[in-house]
file input-v2.json (JSON, C-alpha atoms)
[["chain", "number", "residue", "atom", "x", "y", "z"],
["A", 1, "MET", "CA", 144.59, -38.51, 16.57],
["A", 2, "HIS", "CA", 143.94, -40.05, 13.17],
["A", 3, "LEU", "CA", 141.38, -42.44, 11.82],
["A", 4, "ILE", "CA", 142.51, -44.47, 8.82],
["A", 5, "SER", "CA", 140.25, -46.95, 7.07],
["A", 6, "TYR", "CA", 140.82, -49.01, 3.96],
["A", 7, "ASP", "CA", 139.07, -50.91, 1.22],
["A", 8, "ILE", "CA", 141.60, -53.26, -0.37],
["A", 9, "GLU", "CA", 140.54, -56.18, -2.51],
["A", 10, "ASN", "CA", 143.74, -58.22, -2.52],
["A", 11, "ASP", "CA", 144.28, -60.28, 0.67],
["A", 12, "ARG", "CA", 148.07, -60.03, 0.69],
["A", 13, "LEU", "CA", 147.98, -56.27, 0.14],
["A", 14, "ARG", "CA", 145.33, -55.81, 2.84],
["A", 15, "THR", "CA", 147.47, -57.70, 5.36],
["A", 16, "LYS", "CA", 150.45, -55.58, 4.36],
["A", 17, "ALA", "CA", 148.40, -52.40, 4.88],
["A", 18, "ALA", "CA", 147.27, -53.50, 8.35],
["A", 19, "LYS", "CA", 150.87, -54.27, 9.32],
["A", 20, "LEU", "CA", 152.05, -50.86, 8.07],
["A", 21, "LEU", "CA", 149.36, -49.05, 10.07],
["A", 22, "ILE", "CA", 150.17, -50.97, 13.25],
["A", 23, "GLN", "CA", 153.92, -50.48, 12.76],
["A", 24, "HIS", "CA", 153.30, -46.73, 12.61],
["A", 25, "GLY", "CA", 151.54, -46.78, 15.97],
["A", 26, "LEU", "CA", 147.90, -47.09, 14.96],
["A", 27, "HIS", "CA", 145.49, -49.48, 16.70],
["A", 28, "ARG", "CA", 142.93, -51.68, 15.00],
["A", 29, "VAL", "CA", 139.49, -50.56, 16.20],
["A", 30, "GLN", "CA", 137.53, -52.53, 13.57],
["A", 31, "PHE", "CA", 138.60, -54.94, 10.87],
["A", 32, "SER", "CA", 139.35, -52.17, 8.34],
["A", 33, "VAL", "CA", 139.42, -49.13, 10.67],
["A", 34, "PHE", "CA", 142.47, -47.98, 12.62],
["A", 35, "MET", "CA", 143.01, -45.11, 15.08],
["A", 36, "GLY", "CA", 145.93, -43.61, 16.90],
["A", 37, "ASN", "CA", 148.15, -40.63, 17.49],
["A", 38, "LEU", "CA", 150.50, -39.81, 14.64],
["A", 39, "GLU", "CA", 153.23, -37.24, 15.07],
["A", 40, "PRO", "CA", 153.68, -35.11, 11.90],
["A", 41, "LYS", "CA", 156.90, -36.98, 11.03],
["A", 42, "ALA", "CA", 155.26, -40.40, 11.47],
["A", 43, "GLU", "CA", 152.24, -39.23, 9.48],
["A", 44, "LYS", "CA", 154.48, -38.25, 6.58],
["A", 45, "ALA", "CA", 156.35, -41.56, 6.67],
["A", 46, "LEU", "CA", 153.10, -43.51, 6.84],
["A", 47, "THR", "CA", 151.52, -41.55, 3.97],
["A", 48, "THR", "CA", 154.60, -42.28, 1.83],
["A", 49, "ALA", "CA", 154.40, -45.99, 2.72],
["A", 50, "LEU", "CA", 150.68, -46.13, 1.90],
["A", 51, "GLN", "CA", 151.21, -44.34, -1.39],
["A", 52, "ALA", "CA", 153.92, -46.86, -2.26],
["A", 53, "LEU", "CA", 151.47, -49.66, -1.46],
["A", 54, "SER", "CA", 148.93, -48.12, -3.85],
["A", 55, "LEU", "CA", 151.47, -48.55, -6.66],
["A", 56, "ASP", "CA", 151.62, -52.32, -6.11],
["A", 57, "SER", "CA", 150.49, -54.40, -9.10],
["A", 58, "ASN", "CA", 147.74, -55.97, -6.94],
["A", 59, "TRP", "CA", 146.19, -52.58, -6.09],
["A", 60, "VAL", "CA", 142.93, -52.12, -8.01],
["A", 61, "LEU", "CA", 141.22, -48.91, -9.09],
["A", 62, "SER", "CA", 138.48, -49.13, -6.46],
["A", 63, "ASP", "CA", 140.95, -49.62, -3.55],
["A", 64, "SER", "CA", 141.40, -46.76, -1.12],
["A", 65, "PHE", "CA", 142.69, -45.45, 2.19],
["A", 66, "LEU", "CA", 140.71, -42.72, 3.97],
["A", 67, "VAL", "CA", 142.91, -40.61, 6.25],
["A", 68, "LEU", "CA", 140.99, -38.44, 8.70],
["A", 69, "PRO", "CA", 142.69, -36.23, 11.31],
["A", 70, "LEU", "CA", 140.46, -36.07, 14.40],
["A", 71, "HIS", "CA", 140.32, -33.60, 17.27],
["A", 72, "GLN", "CA", 140.27, -34.96, 20.80],
["A", 73, "ASN", "CA", 136.78, -33.42, 21.14],
["A", 74, "THR", "CA", 135.52, -35.49, 18.20],
["A", 75, "LEU", "CA", 136.81, -38.57, 19.93],
["A", 76, "LYS", "CA", 134.89, -37.76, 23.09],
["A", 77, "GLN", "CA", 131.69, -37.68, 21.04],
["A", 78, "MET", "CA", 132.29, -41.09, 19.53],
["A", 79, "SER", "CA", 129.72, -43.68, 20.48],
["A", 80, "VAL", "CA", 129.76, -47.41, 19.97],
["A", 81, "ILE", "CA", 126.95, -49.91, 19.58],
["A", 82, "GLY", "CA", 128.28, -53.34, 20.54],
["A", 83, "ALA", "CA", 131.90, -54.05, 21.35],
["A", 84, "TRP", "CA", 134.18, -51.10, 22.18],
["A", 85, "PRO", "CA", 137.65, -51.46, 20.64],
["A", 86, "ALA", "CA", 140.07, -53.38, 22.87],
["A", 87, "ARG", "CA", 142.24, -51.10, 25.03],
["A", 88, "TRP", "CA", 140.12, -48.06, 24.12],
["A", 89, "GLU", "CA", 141.31, -45.96, 27.09],
["A", 90, "GLU", "CA", 144.87, -46.39, 25.90],
["A", 91, "ILE", "CA", 144.02, -45.60, 22.26],
["A", 92, "SER", "CA", 141.93, -42.55, 23.03],
["A", 93, "GLY", "CA", 144.52, -41.18, 25.44],
["A", 94, "ASN", "CA", 142.24, -41.32, 28.48],
["A", 95, "LEU", "CA", 144.73, -43.57, 30.22],
["A", 96, "LYS", "CA", 147.40, -40.88, 30.02],
["A", 97, "THR", "CA", 145.10, -38.49, 31.87],
["A", 98, "LEU", "CA", 144.59, -41.05, 34.60],
["A", 99, "ILE", "CA", 148.33, -41.69, 35.01],
["A", 100, "LEU", "CA", 149.12, -37.97, 35.15],
["B", 1, "MET", "CA", 128.16, -34.91, 9.27],
["B", 2, "HIS", "CA", 128.60, -38.39, 10.70],
["B", 3, "LEU", "CA", 130.94, -41.26, 9.98],
["B", 4, "ILE", "CA", 129.58, -44.69, 10.84],
["B", 5, "SER", "CA", 131.58, -47.86, 10.36],
["B", 6, "TYR", "CA", 130.77, -51.43, 11.25],
["B", 7, "ASP", "CA", 132.28, -54.82, 11.91],
["B", 8, "ILE", "CA", 129.55, -57.42, 11.56],
["B", 9, "GLU", "CA", 130.34, -61.08, 11.09],
["B", 10, "ASN", "CA", 126.98, -62.34, 9.80],
["B", 11, "ASP", "CA", 126.39, -61.65, 6.09],
["B", 12, "ARG", "CA", 122.62, -61.16, 6.36],
["B", 13, "LEU", "CA", 122.97, -58.79, 9.32],
["B", 14, "ARG", "CA", 125.73, -56.82, 7.58],
["B", 15, "THR", "CA", 123.53, -56.33, 4.51],
["B", 16, "LYS", "CA", 120.67, -55.23, 6.77],
["B", 17, "ALA", "CA", 122.96, -52.72, 8.50],
["B", 18, "ALA", "CA", 124.12, -51.26, 5.17],
["B", 19, "LYS", "CA", 120.50, -50.88, 4.04],
["B", 20, "LEU", "CA", 119.55, -49.14, 7.30],
["B", 21, "LEU", "CA", 122.42, -46.66, 7.01],
["B", 22, "ILE", "CA", 121.57, -45.84, 3.39],
["B", 23, "GLN", "CA", 117.85, -45.54, 4.18],
["B", 24, "HIS", "CA", 118.74, -42.95, 6.82],
["B", 25, "GLY", "CA", 120.61, -40.84, 4.29],
["B", 26, "LEU", "CA", 124.17, -42.02, 4.71],
["B", 27, "HIS", "CA", 126.44, -42.77, 1.76],
["B", 28, "ARG", "CA", 128.79, -45.70, 1.43],
["B", 29, "VAL", "CA", 132.33, -44.34, 1.21],
["B", 30, "GLN", "CA", 134.04, -47.70, 1.72],
["B", 31, "PHE", "CA", 132.73, -51.22, 2.09],
["B", 32, "SER", "CA", 132.12, -50.86, 5.85],
["B", 33, "VAL", "CA", 132.34, -47.07, 6.22],
["B", 34, "PHE", "CA", 129.44, -44.66, 5.66],
["B", 35, "MET", "CA", 129.20, -40.88, 5.83],
["B", 36, "GLY", "CA", 126.46, -38.31, 5.59],
["B", 37, "ASN", "CA", 124.49, -35.57, 7.24],
["B", 38, "LEU", "CA", 122.12, -36.74, 9.96],
["B", 39, "GLU", "CA", 119.61, -34.33, 11.49],
["B", 40, "PRO", "CA", 119.23, -34.93, 15.27],
["B", 41, "LYS", "CA", 115.86, -36.64, 14.73],
["B", 42, "ALA", "CA", 117.25, -38.95, 12.04],
["B", 43, "GLU", "CA", 120.28, -39.68, 14.19],
["B", 44, "LYS", "CA", 118.05, -40.77, 17.06],
["B", 45, "ALA", "CA", 115.93, -42.98, 14.79],
["B", 46, "LEU", "CA", 119.02, -44.54, 13.25],
["B", 47, "THR", "CA", 120.65, -45.18, 16.64],
["B", 48, "THR", "CA", 117.47, -46.93, 17.79],
["B", 49, "ALA", "CA", 117.42, -49.05, 14.63],
["B", 50, "LEU", "CA", 121.09, -50.00, 15.02],
["B", 51, "GLN", "CA", 120.61, -50.90, 18.67],
["B", 52, "ALA", "CA", 117.68, -53.10, 17.66],
["B", 53, "LEU", "CA", 119.94, -54.79, 15.11],
["B", 54, "SER", "CA", 122.52, -55.49, 17.82],
["B", 55, "LEU", "CA", 119.86, -57.53, 19.67],
["B", 56, "ASP", "CA", 119.46, -59.90, 16.69],
["B", 57, "SER", "CA", 120.35, -63.52, 17.44],
["B", 58, "ASN", "CA", 123.03, -63.40, 14.72],
["B", 59, "TRP", "CA", 124.84, -60.47, 16.34],
["B", 60, "VAL", "CA", 128.08, -61.70, 17.95],
["B", 61, "LEU", "CA", 129.99, -60.22, 20.89],
["B", 62, "SER", "CA", 132.79, -58.81, 18.73],
["B", 63, "ASP", "CA", 130.38, -56.99, 16.35],
["B", 64, "SER", "CA", 130.20, -53.21, 16.53],
["B", 65, "PHE", "CA", 129.12, -49.91, 15.02],
["B", 66, "LEU", "CA", 131.34, -46.86, 15.53],
["B", 67, "VAL", "CA", 129.38, -43.60, 15.35],
["B", 68, "LEU", "CA", 131.53, -40.51, 14.97],
["B", 69, "PRO", "CA", 130.09, -36.98, 14.63],
["B", 70, "LEU", "CA", 132.41, -34.94, 12.39],
["B", 71, "HIS", "CA", 132.83, -31.19, 11.96],
["B", 72, "GLN", "CA", 132.88, -29.78, 8.44],
["B", 73, "ASN", "CA", 136.48, -28.70, 9.14],
["B", 74, "THR", "CA", 137.49, -32.29, 9.85],
["B", 75, "LEU", "CA", 136.01, -33.26, 6.52],
["B", 76, "LYS", "CA", 138.10, -30.68, 4.71],
["B", 77, "GLN", "CA", 141.23, -32.25, 6.18],
["B", 78, "MET", "CA", 140.33, -35.72, 4.98],
["B", 79, "SER", "CA", 142.72, -37.16, 2.45],
["B", 80, "VAL", "CA", 142.39, -40.22, 0.28],
["B", 81, "ILE", "CA", 144.99, -42.52, -1.22],
["B", 82, "GLY", "CA", 143.45, -44.27, -4.20],
["B", 83, "ALA", "CA", 139.79, -43.96, -5.18],
["B", 84, "TRP", "CA", 137.77, -41.07, -3.72],
["B", 85, "PRO", "CA", 134.24, -42.10, -2.73],
["B", 86, "ALA", "CA", 131.75, -41.80, -5.59],
["B", 87, "ARG", "CA", 129.84, -38.48, -5.56],
["B", 88, "TRP", "CA", 132.15, -37.07, -2.89],
["B", 89, "GLU", "CA", 131.22, -33.42, -3.61],
["B", 90, "GLU", "CA", 127.59, -34.26, -2.91],
["B", 91, "ILE", "CA", 128.38, -36.25, 0.26],
["B", 92, "SER", "CA", 130.73, -33.64, 1.71],
["B", 93, "GLY", "CA", 128.34, -30.79, 0.92],
["B", 94, "ASN", "CA", 130.69, -29.01, -1.44],
["B", 95, "LEU", "CA", 128.12, -29.28, -4.21],
["B", 96, "LYS", "CA", 125.62, -27.28, -2.15],
["B", 97, "THR", "CA", 128.11, -24.42, -1.91],
["B", 98, "LEU", "CA", 128.50, -24.43, -5.67],
["B", 99, "ILE", "CA", 124.73, -24.36, -6.28],
["B", 100, "LEU", "CA", 124.16, -21.51, -3.81]]

call {"tool": "encode", "arguments": {"input": "input-v2.json", "output": "structure tokens"}}
result
Amino acid sequence: MHLISYDIENDRLRTKAAKLLIQHGLHRVQFSVFMGNLEPKAEKALTTALQALSLDSNWVLSDSFLVLPLHQNTLKQMSVIGAWPARWEEISGNLKTLIL
Amino acid sequence: MHLISYDIENDRLRTKAAKLLIQHGLHRVQFSVFMGNLEPKAEKALTTALQALSLDSNWVLSDSFLVLPLHQNTLKQMSVIGAWPARWEEISGNLKTLIL
């Protein structure tokens, strides 16, 4: 499981980043925070794509992606005040357990 | 170490949330993502304050705080594309190790 968040000033670039993250199997859990399972191969491809994005002429010095690998245990300790992300059981992998 | 992120639509409420998080010792690592060490007592006080905020009349149904306790090991595996958070050594606790 990975958590990836971003701070990107340029609208077009931010939309591009969100699309990239979703294309690589992540789910939007907040406006600028994404979570999901990334296989090592997919993680490498995504990192390369994000690095390429950071070379765009609209990328500014203060822009960033945080990439945080999370253990399943960490996920279990997550709490939410307000709205839980849509389809959280699916994202967190709890659904898989139920199906099995 | 905790990571707390938020999605809050109302400007005034969002500013209030940021102030609360910083007052409780967290550091802003991205616009809507904060990190820092929270002692159990401080964590409880902060959770209460955030829950109170979610009862404000400007809080909307889609607003949320994600509260994620992180192990020091998770922190070591964090990677950044672009700008590292300001004073990262201090936030992550690496500075303490150097001083000791």

call {"tool": "residues_around", "arguments": {"input": "input-v2.json", "residues": "Ala49 (chain B)", "least_positions_apart": "6", "cutoff": "12 Å", "atoms": "all atoms listed in the file", "output": "number ranges by chain"}}
result
A: 81; B: 16-21, 23-24, 42-43, 55-56, 65

call {"tool": "closest_residue", "arguments": {"input": "input-v2.json", "among": "A:Tyr6, A:Met1, A:Gln77, A:Asp63", "to": "Pro40 (chain A)", "atoms": "only C-alpha atoms"}}
result
A:Met1

call {"tool": "interface_residues", "arguments": {"input": "input-v2.json", "of": "chain A", "to": "chain B", "cutoff": "7 Å", "atoms": "all atoms listed in the file", "output": "PyMOL selection string"}}
result
chain A and resi 7+30-31+51+54+61-70+74+77-83

call {"tool": "atom_distance", "arguments": {"input": "input-v2.json", "atom1": "CA of Leu46 (chain A)", "atom2": "CA of Arg12 (chain A)"}}
result
18.3 Å

call {"tool": "atom_distance", "arguments": {"input": "input-v2.json", "atom1": "CA of Gly25 (chain B)", "atom2": "CA of Asn10 (chain B)"}}
result
23.1 Å

call {"tool": "atom_distance", "arguments": {"input": "input-v2.json", "atom1": "CA of Ile22 (chain A)", "atom2": "CA of Lys41 (chain A)"}}
result
15.7 Å

call {"tool": "decode", "arguments": {"input": "input-v2.json", "residues": "region 65-79 of chain A", "atoms": "all heavy atoms", "output": "mmCIF file, in the first residue's frame"}}
result
data_model
loop_
_atom_site.group_PDB
_atom_site.id
_atom_site.type_symbol
_atom_site.label_atom_id
_atom_site.label_comp_id
_atom_site.auth_asym_id
_atom_site.auth_seq_id
_atom_site.Cartn_x
_atom_site.Cartn_y
_atom_site.Cartn_z
ATOM 1 N N PHE A 65 5.761 15.837 -4.762
ATOM 2 C CA PHE A 65 5.028 14.607 -4.480
ATOM 3 C C PHE A 65 5.651 13.989 -3.240
ATOM 4 O O PHE A 65 6.889 13.907 -3.153
ATOM 5 C CB PHE A 65 5.196 13.567 -5.614
ATOM 6 C CG PHE A 65 4.479 13.896 -6.882
ATOM 7 C CD1 PHE A 65 5.170 14.398 -7.971
ATOM 8 C CD2 PHE A 65 3.117 13.671 -6.997
ATOM 9 C CE1 PHE A 65 4.512 14.692 -9.156
ATOM 10 C CE2 PHE A 65 2.454 13.959 -8.187
ATOM 11 C CZ PHE A 65 3.149 14.478 -9.261
ATOM 12 N N LEU A 66 4.837 13.566 -2.278
ATOM 13 C CA LEU A 66 5.323 12.730 -1.174
ATOM 14 C C LEU A 66 4.897 11.301 -1.484
ATOM 15 O O LEU A 66 3.732 11.060 -1.787
ATOM 16 C CB LEU A 66 4.697 13.131 0.161
ATOM 17 C CG LEU A 66 4.978 14.507 0.745
ATOM 18 C CD1 LEU A 66 4.375 14.592 2.151
ATOM 19 C CD2 LEU A 66 6.465 14.784 0.820
ATOM 20 N N VAL A 67 5.836 10.374 -1.406
ATOM 21 C CA VAL A 67 5.542 8.964 -1.681
ATOM 22 C C VAL A 67 5.860 8.159 -0.426
ATOM 23 O O VAL A 67 7.016 8.094 0.000
ATOM 24 C CB VAL A 67 6.365 8.448 -2.884
ATOM 25 C CG1 VAL A 67 6.019 6.991 -3.181
ATOM 26 C CG2 VAL A 67 6.144 9.325 -4.112
ATOM 27 N N LEU A 68 4.835 7.574 0.170
ATOM 28 C CA LEU A 68 4.983 6.925 1.472
ATOM 29 C C LEU A 68 4.489 5.480 1.399
ATOM 30 O O LEU A 68 3.288 5.235 1.264
ATOM 31 C CB LEU A 68 4.133 7.715 2.477
ATOM 32 C CG LEU A 68 4.489 7.711 3.937
ATOM 33 C CD1 LEU A 68 5.905 8.216 4.168
ATOM 34 C CD2 LEU A 68 3.513 8.597 4.704
ATOM 35 N N PRO A 69 5.425 4.503 1.474
ATOM 36 C CA PRO A 69 4.963 3.106 1.511
ATOM 37 C C PRO A 69 4.352 2.829 2.887
ATOM 38 O O PRO A 69 4.925 3.221 3.908
ATOM 39 C CB PRO A 69 6.262 2.303 1.338
ATOM 40 C CG PRO A 69 7.341 3.310 1.042
ATOM 41 C CD PRO A 69 6.880 4.624 1.565
ATOM 42 N N LEU A 70 3.200 2.196 2.925
ATOM 43 C CA LEU A 70 2.514 1.941 4.201
ATOM 44 C C LEU A 70 2.304 0.448 4.425
ATOM 45 O O LEU A 70 1.963 -0.278 3.499
ATOM 46 C CB LEU A 70 1.122 2.595 4.204
ATOM 47 C CG LEU A 70 1.027 4.111 4.063
ATOM 48 C CD1 LEU A 70 -0.436 4.521 4.073
ATOM 49 C CD2 LEU A 70 1.784 4.809 5.189
ATOM 50 N N HIS A 71 2.512 0.016 5.670
ATOM 51 C CA HIS A 71 2.177 -1.360 6.022
ATOM 52 C C HIS A 71 0.669 -1.488 6.226
ATOM 53 O O HIS A 71 0.005 -0.514 6.578
ATOM 54 C CB HIS A 71 2.902 -1.760 7.307
ATOM 55 C CG HIS A 71 4.328 -2.111 7.057
ATOM 56 N ND1 HIS A 71 4.731 -3.398 6.810
ATOM 57 C CD2 HIS A 71 5.436 -1.332 6.987
ATOM 58 C CE1 HIS A 71 6.046 -3.402 6.615
ATOM 59 N NE2 HIS A 71 6.492 -2.160 6.704
ATOM 60 N N GLN A 72 0.174 -2.698 6.047
ATOM 61 C CA GLN A 72 -1.260 -2.943 6.244
ATOM 62 C C GLN A 72 -1.666 -2.582 7.678
ATOM 63 O O GLN A 72 -2.767 -2.080 7.903
ATOM 64 C CB GLN A 72 -1.561 -4.423 5.934
ATOM 65 C CG GLN A 72 -3.034 -4.723 5.636
ATOM 66 C CD GLN A 72 -3.538 -4.047 4.345
ATOM 67 O OE1 GLN A 72 -2.753 -3.771 3.441
ATOM 68 N NE2 GLN A 72 -4.832 -3.765 4.282
ATOM 69 N N ASN A 73 -0.740 -2.807 8.636
ATOM 70 C CA ASN A 73 -1.021 -2.466 10.037
ATOM 71 C C ASN A 73 -1.248 -0.973 10.223
ATOM 72 O O ASN A 73 -2.084 -0.561 11.013
ATOM 73 C CB ASN A 73 0.153 -2.886 10.934
ATOM 74 C CG ASN A 73 0.061 -4.368 11.251
ATOM 75 O OD1 ASN A 73 -0.986 -4.982 11.031
ATOM 76 N ND2 ASN A 73 1.153 -4.927 11.755
ATOM 77 N N THR A 74 -0.457 -0.165 9.522
ATOM 78 C CA THR A 74 -0.592 1.290 9.601
ATOM 79 C C THR A 74 -1.989 1.688 9.142
ATOM 80 O O THR A 74 -2.645 2.525 9.742
ATOM 81 C CB THR A 74 0.465 1.973 8.701
ATOM 82 O OG1 THR A 74 1.749 1.511 9.101
ATOM 83 C CG2 THR A 74 0.409 3.482 8.808
ATOM 84 N N LEU A 75 -2.408 1.019 8.091
ATOM 85 C CA LEU A 75 -3.716 1.313 7.501
ATOM 86 C C LEU A 75 -4.852 1.046 8.482
ATOM 87 O O LEU A 75 -5.834 1.775 8.536
ATOM 88 C CB LEU A 75 -3.885 0.414 6.274
ATOM 89 C CG LEU A 75 -4.555 1.056 5.091
ATOM 90 C CD1 LEU A 75 -3.755 2.249 4.634
ATOM 91 C CD2 LEU A 75 -4.687 0.057 3.977
ATOM 92 N N LYS A 76 -4.674 -0.035 9.250
ATOM 93 C CA LYS A 76 -5.707 -0.410 10.220
ATOM 94 C C LYS A 76 -5.830 0.638 11.315
ATOM 95 O O LYS A 76 -6.852 0.744 11.969
ATOM 96 C CB LYS A 76 -5.371 -1.777 10.831
ATOM 97 C CG LYS A 76 -5.736 -2.930 9.932
ATOM 98 C CD LYS A 76 -5.412 -4.265 10.586
ATOM 99 C CE LYS A 76 -5.462 -5.382 9.543
ATOM 100 N NZ LYS A 76 -4.623 -6.524 9.923
ATOM 101 N N GLN A 77 -4.732 1.385 11.541
ATOM 102 C CA GLN A 77 -4.743 2.387 12.604
ATOM 103 C C GLN A 77 -5.201 3.753 12.108
ATOM 104 O O GLN A 77 -5.276 4.703 12.871
ATOM 105 C CB GLN A 77 -3.339 2.497 13.213
ATOM 106 C CG GLN A 77 -2.964 1.248 14.008
ATOM 107 C CD GLN A 77 -1.551 1.298 14.523
ATOM 108 O OE1 GLN A 77 -0.764 2.131 14.091
ATOM 109 N NE2 GLN A 77 -1.214 0.411 15.427
ATOM 110 N N MET A 78 -5.482 3.833 10.815
ATOM 111 C CA MET A 78 -5.935 5.106 10.270
ATOM 112 C C MET A 78 -7.315 5.456 10.818
ATOM 113 O O MET A 78 -8.180 4.598 10.933
ATOM 114 C CB MET A 78 -6.002 5.020 8.740
ATOM 115 C CG MET A 78 -6.339 6.356 8.084
ATOM 116 S SD MET A 78 -6.284 6.242 6.276
ATOM 117 C CE MET A 78 -8.024 6.288 5.907
ATOM 118 N N SER A 79 -7.486 6.706 11.199
ATOM 119 C CA SER A 79 -8.823 7.135 11.592
ATOM 120 C C SER A 79 -9.226 8.334 10.746
ATOM 121 O O SER A 79 -8.382 9.023 10.164
ATOM 122 C CB SER A 79 -8.872 7.459 13.082
ATOM 123 O OG SER A 79 -7.986 8.497 13.382
#
